[in-house]
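Here is the structure we will look at.
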Amino acid sequence: MSVNAASSPEDATPVVLVGVDFGLPHFDTELEELGLLAQTAGLRPVARITCKRKAPDAALFVGSGKADEIRMLAQMHGAREVLFDQALSPAQQRNLERHLEMPVNDRTLLILEIFAQRARSHEGKLQVELARLQYVATRLVRRWTHLERQMGGIGGRGGPGEKQIELDRRMIADAIKRTKDKLQKVKKQRATQRRQRERRDVFNISLVGYTNAGKSTLFNALVKARAYAADQLFATLDTTTRQLYLSEAGMSVSLSDTVGFIRDLPHGLVEAFQATLQEAVDADLLLHVVDASNETFPEQMDQVRRVLGEIGALDIPQVLVFNKLDALPPERMPAITQDTYEVDGVAVPRVFVSARTGEGLVQLRQLLAQAALAARNASDEGEVQDGRDGQRSEPMSLDDYDD
């Protein structure tokens with residue numbers, strides 16, 4: 001077990017952070033990321049506690065003994081809420097709240113709350129609302145006392161919450177259906193916009209990466225769009241698309257900034273954000289932005305690749321952009337700023353940049369120009385081949401860009 005004090009603005013709700021190590025390789029022993037998420041959501045971590053278990057306790061997730069420790073720790077530091085780094089089942093959450101006598105929330109709800117605070121566009125708000133409704137729908141049964149009804153009537157028998165719960169279920173189901181219908185309309189609008197770009201034969205590039213890797217800062221540095229960027233988790237949620245002129249290729253490309261990924265991203269959010277992430281699925285090239293200053297960047301890259309696999313974008317050609325070069329200590333500075341990095345046995349082009357200072361952006365633009373030109377040449381060759389024998393040639397891969 002480890003317990004650490006933490007400080008933050010005094011008016012924020014004080015919370016205790018709890019993490020359980022089940023032997024997974026990505027366990028955050030210092031609960032650093034959970035602490036950043038909590039601060040992003042306007043909470044103030046006052047203490048942290050971790051423990052090891054082989055499997056979650058069915059009733060209390062951490063077991064009764066550890067739950068008693070958490071309660072004493074919360075009382076000692078004046079915490080008013082407990083926040084778990086893992087997802088809790090509805091029953092575990094309900095049992096913990098009764099045992100600890102204070103609100104208990106998990107990583108999933110925390111991310112949903114942050115997304116709800118940060119969504120700006122109509123589409124983003126709809127996506128967040130859908131994910132929240134799907135989350136709440138699993139936590140209705142006997143969770144709140146207002147759902148209970150008294151027994152009454154001659155010879156009548158009643159159970160707690162039977163009528164009100166069914167009513168709430170129907171209301172939530174109807175709300176989910178309405179929100180999905182609205183999102184479907186948004187998807188159709190986006191599909192129309194994408195078809196218009198395809199008719200213009202535009203080369204599409206999407207920025208992807210772990211949250212706080214510097215995607216929006218890089219996006220601004222490339223296209224001067226002044227999109228919101230900050231040194232915090234999920235600084236931007238809504239996809240922004242701008243035209244980027246590459247003088248090295250003598251052509252313009254479409255550049256999109258997408259929502260950042262994170263470890264244990266709630267699956268409901270992945271589903272709900274399909275419309276936004278569709279920009280990544282339909283891209284011709286992905287710029288995978290990596291925070292090179294973060295020593296856990298390999299794990300973060302794996303998490304990004306996992307989500308890309310879930311949305312069907314893993315096979316799209318990539319360029320790795322190792323950002324925050326200016327934040328690297330001298331002993332970790334690269335000998336060269338452009339090389340390749342092996343991912344699953346494949347050498348992927350990599351360039352080191354600092355979106356903040358502009359270092360390495362010239363090399364990045366050259367890589368993008370090579371990729372765009374290769375795609376245009378492949379398209380031209382395909383059209384010629386179509387005219388000759390009805391066969392379209394295969395598009396070039398990133399391996400061909402430097403030829």
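Ligands are numbered from 1 in the order shown, chains are lettered A, B, ... in the order of the structure tokens, and residues start at 1 in each chain.
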
Could you pull out all residues of stretch 258-358 of chain A with a DSSP call of strand (DSSP E or B) and give them as JSON, numbers by chain? {"A": [261, 285, 286, 287, 288, 289, 290, 291, 318, 319, 320, 321, 322, 323, 338, 339, 340, 341, 342, 343, 346, 347, 348, 349, 350, 351, 352]}

Go ahead and write the residues just picked, N, CA and C atoms, as an mmCIF file, in the first residue's frame.
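Once written, again.cif looks like this:
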```cif
data_model
loop_
_atom_site.group_PDB
_atom_site.id
_atom_site.type_symbol
_atom_site.label_atom_id
_atom_site.label_comp_id
_atom_site.auth_asym_id
_atom_site.auth_seq_id
_atom_site.Cartn_x
_atom_site.Cartn_y
_atom_site.Cartn_z
ATOM 1 N N PHE A 261 -6.739 9.839 -27.158
ATOM 2 C CA PHE A 261 -7.055 8.533 -26.597
ATOM 3 C C PHE A 261 -6.467 8.441 -25.190
ATOM 4 N N LEU A 285 -3.655 9.097 -44.294
ATOM 5 C CA LEU A 285 -2.429 9.023 -43.498
ATOM 6 C C LEU A 285 -2.749 9.461 -42.076
ATOM 7 N N LEU A 286 -2.212 8.738 -41.103
ATOM 8 C CA LEU A 286 -2.359 9.109 -39.695
ATOM 9 C C LEU A 286 -1.040 9.667 -39.174
ATOM 10 N N LEU A 287 -1.114 10.833 -38.550
ATOM 11 C CA LEU A 287 0.029 11.354 -37.809
ATOM 12 C C LEU A 287 -0.162 10.942 -36.356
ATOM 13 N N HIS A 288 0.573 9.928 -35.941
ATOM 14 C CA HIS A 288 0.466 9.434 -34.572
ATOM 15 C C HIS A 288 1.402 10.269 -33.700
ATOM 16 N N VAL A 289 0.827 11.205 -32.935
ATOM 17 C CA VAL A 289 1.616 12.122 -32.113
ATOM 18 C C VAL A 289 1.918 11.461 -30.777
ATOM 19 N N VAL A 290 3.194 11.427 -30.412
ATOM 20 C CA VAL A 290 3.660 10.767 -29.194
ATOM 21 C C VAL A 290 4.352 11.791 -28.309
ATOM 22 N N ASP A 291 4.058 11.763 -27.026
ATOM 23 C CA ASP A 291 4.753 12.618 -26.069
ATOM 24 C C ASP A 291 6.103 11.981 -25.754
ATOM 25 N N GLN A 318 0.979 5.241 -41.280
ATOM 26 C CA GLN A 318 1.235 6.189 -40.209
ATOM 27 C C GLN A 318 2.601 6.841 -40.356
ATOM 28 N N VAL A 319 2.705 8.040 -39.802
ATOM 29 C CA VAL A 319 3.982 8.682 -39.524
ATOM 30 C C VAL A 319 3.998 8.975 -38.033
ATOM 31 N N LEU A 320 5.031 8.535 -37.345
ATOM 32 C CA LEU A 320 5.157 8.793 -35.915
ATOM 33 C C LEU A 320 5.788 10.161 -35.700
ATOM 34 N N VAL A 321 5.115 10.999 -34.931
ATOM 35 C CA VAL A 321 5.620 12.333 -34.615
ATOM 36 C C VAL A 321 5.940 12.359 -33.128
ATOM 37 N N PHE A 322 7.216 12.245 -32.799
ATOM 38 C CA PHE A 322 7.632 12.289 -31.396
ATOM 39 C C PHE A 322 7.762 13.751 -30.992
ATOM 40 N N ASN A 323 6.723 14.227 -30.286
ATOM 41 C CA ASN A 323 6.606 15.635 -29.945
ATOM 42 C C ASN A 323 7.294 15.952 -28.608
ATOM 43 N N GLN A 338 15.212 12.363 -37.611
ATOM 44 C CA GLN A 338 14.326 11.646 -38.530
ATOM 45 C C GLN A 338 14.882 10.258 -38.773
ATOM 46 N N ASP A 339 14.066 9.233 -38.467
ATOM 47 C CA ASP A 339 14.492 7.850 -38.656
ATOM 48 C C ASP A 339 13.245 6.980 -38.772
ATOM 49 N N THR A 340 13.359 5.707 -38.437
ATOM 50 C CA THR A 340 12.196 4.818 -38.412
ATOM 51 C C THR A 340 12.104 4.181 -37.037
ATOM 52 N N TYR A 341 10.901 3.777 -36.692
ATOM 53 C CA TYR A 341 10.643 3.156 -35.394
ATOM 54 C C TYR A 341 9.847 1.882 -35.653
ATOM 55 N N GLU A 342 10.298 0.770 -35.082
ATOM 56 C CA GLU A 342 9.666 -0.516 -35.367
ATOM 57 C C GLU A 342 8.393 -0.685 -34.546
ATOM 58 N N VAL A 343 7.291 -0.936 -35.218
ATOM 59 C CA VAL A 343 6.000 -1.202 -34.580
ATOM 60 C C VAL A 343 5.458 -2.515 -35.125
ATOM 61 N N VAL A 346 7.240 -3.755 -38.136
ATOM 62 C CA VAL A 346 7.226 -2.899 -39.320
ATOM 63 C C VAL A 346 7.931 -1.586 -39.000
ATOM 64 N N ALA A 347 8.833 -1.154 -39.891
ATOM 65 C CA ALA A 347 9.543 0.115 -39.709
ATOM 66 C C ALA A 347 8.643 1.262 -40.135
ATOM 67 N N VAL A 348 8.271 2.118 -39.181
ATOM 68 C CA VAL A 348 7.367 3.245 -39.433
ATOM 69 C C VAL A 348 8.187 4.537 -39.423
ATOM 70 N N PRO A 349 7.984 5.416 -40.404
ATOM 71 C CA PRO A 349 8.721 6.690 -40.413
ATOM 72 C C PRO A 349 8.471 7.474 -39.127
ATOM 73 N N ARG A 350 9.570 8.043 -38.589
ATOM 74 C CA ARG A 350 9.458 8.814 -37.351
ATOM 75 C C ARG A 350 10.225 10.121 -37.488
ATOM 76 N N VAL A 351 9.653 11.178 -36.908
ATOM 77 C CA VAL A 351 10.330 12.461 -36.887
ATOM 78 C C VAL A 351 10.148 13.072 -35.503
ATOM 79 N N PHE A 352 11.218 13.638 -34.952
ATOM 80 C CA PHE A 352 11.175 14.323 -33.666
ATOM 81 C C PHE A 352 10.888 15.801 -33.911
#
```

Name the residues of stretch 244-391 of chain A that come out as helix (DSSP H, G or I) in a backbone DSSP run; write them as a count of residues only. 63

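Minimum distance to A:Ala221 across A:Arg44, A:Arg169, A:Arg139, A:Arg356 (counting only C-alpha atoms) occurs at A:Arg356.
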
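Atom pair atom CA of A:Asn204 / atom CA of A:Glu279 has a distance of 8.7 Å (rounded to one decimal).
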
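With only C-alpha atoms as the atoms that count, the residue of A:Leu24, A:Ile111, A:Leu126, A:Ala41 with the shortest distance to A:Ala12 is A:Ala41.
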
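Among the candidates A:Val259, A:Leu60, A:Ala131, A:Ile172, the residue lying nearest to A:Leu207 is A:Val259 (atoms considered: only C-alpha atoms).
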
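Using only C-alpha atoms, the residues found no farther than 8 Å from A:Leu218, other than those of its own chain fewer than 4 positions away, are Gly214, Leu222, Ala355 and Arg356 of chain A.
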
Hey, can you spit out that residue selection with C-alpha atoms as an mmCIF file, in the first residue's frame?
```cif
data_model
loop_
_atom_site.group_PDB
_atom_site.id
_atom_site.type_symbol
_atom_site.label_atom_id
_atom_site.label_comp_id
_atom_site.auth_asym_id
_atom_site.auth_seq_id
_atom_site.Cartn_x
_atom_site.Cartn_y
_atom_site.Cartn_z
ATOM 1 C CA GLY A 214 0.391 17.891 -28.040
ATOM 2 C CA LEU A 222 0.995 23.481 -38.981
ATOM 3 C CA ALA A 355 5.281 21.880 -31.761
ATOM 4 C CA ARG A 356 5.923 24.631 -29.224
#
```

List the neighbours of A:Leu31 out to 8 Å using only C-alpha atoms; skip same-chain residues closer than 2 positions along the sequence, and give me the result as a PyMOL selection string. chain A and resi 17-19+28-29+33-35+48+85

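You can rank A:Gln363, A:Ser252, A:Thr13, A:Gln243 by their closest distance to A:His77 using only C-alpha atoms, and at the top of that list sits A:Thr13.
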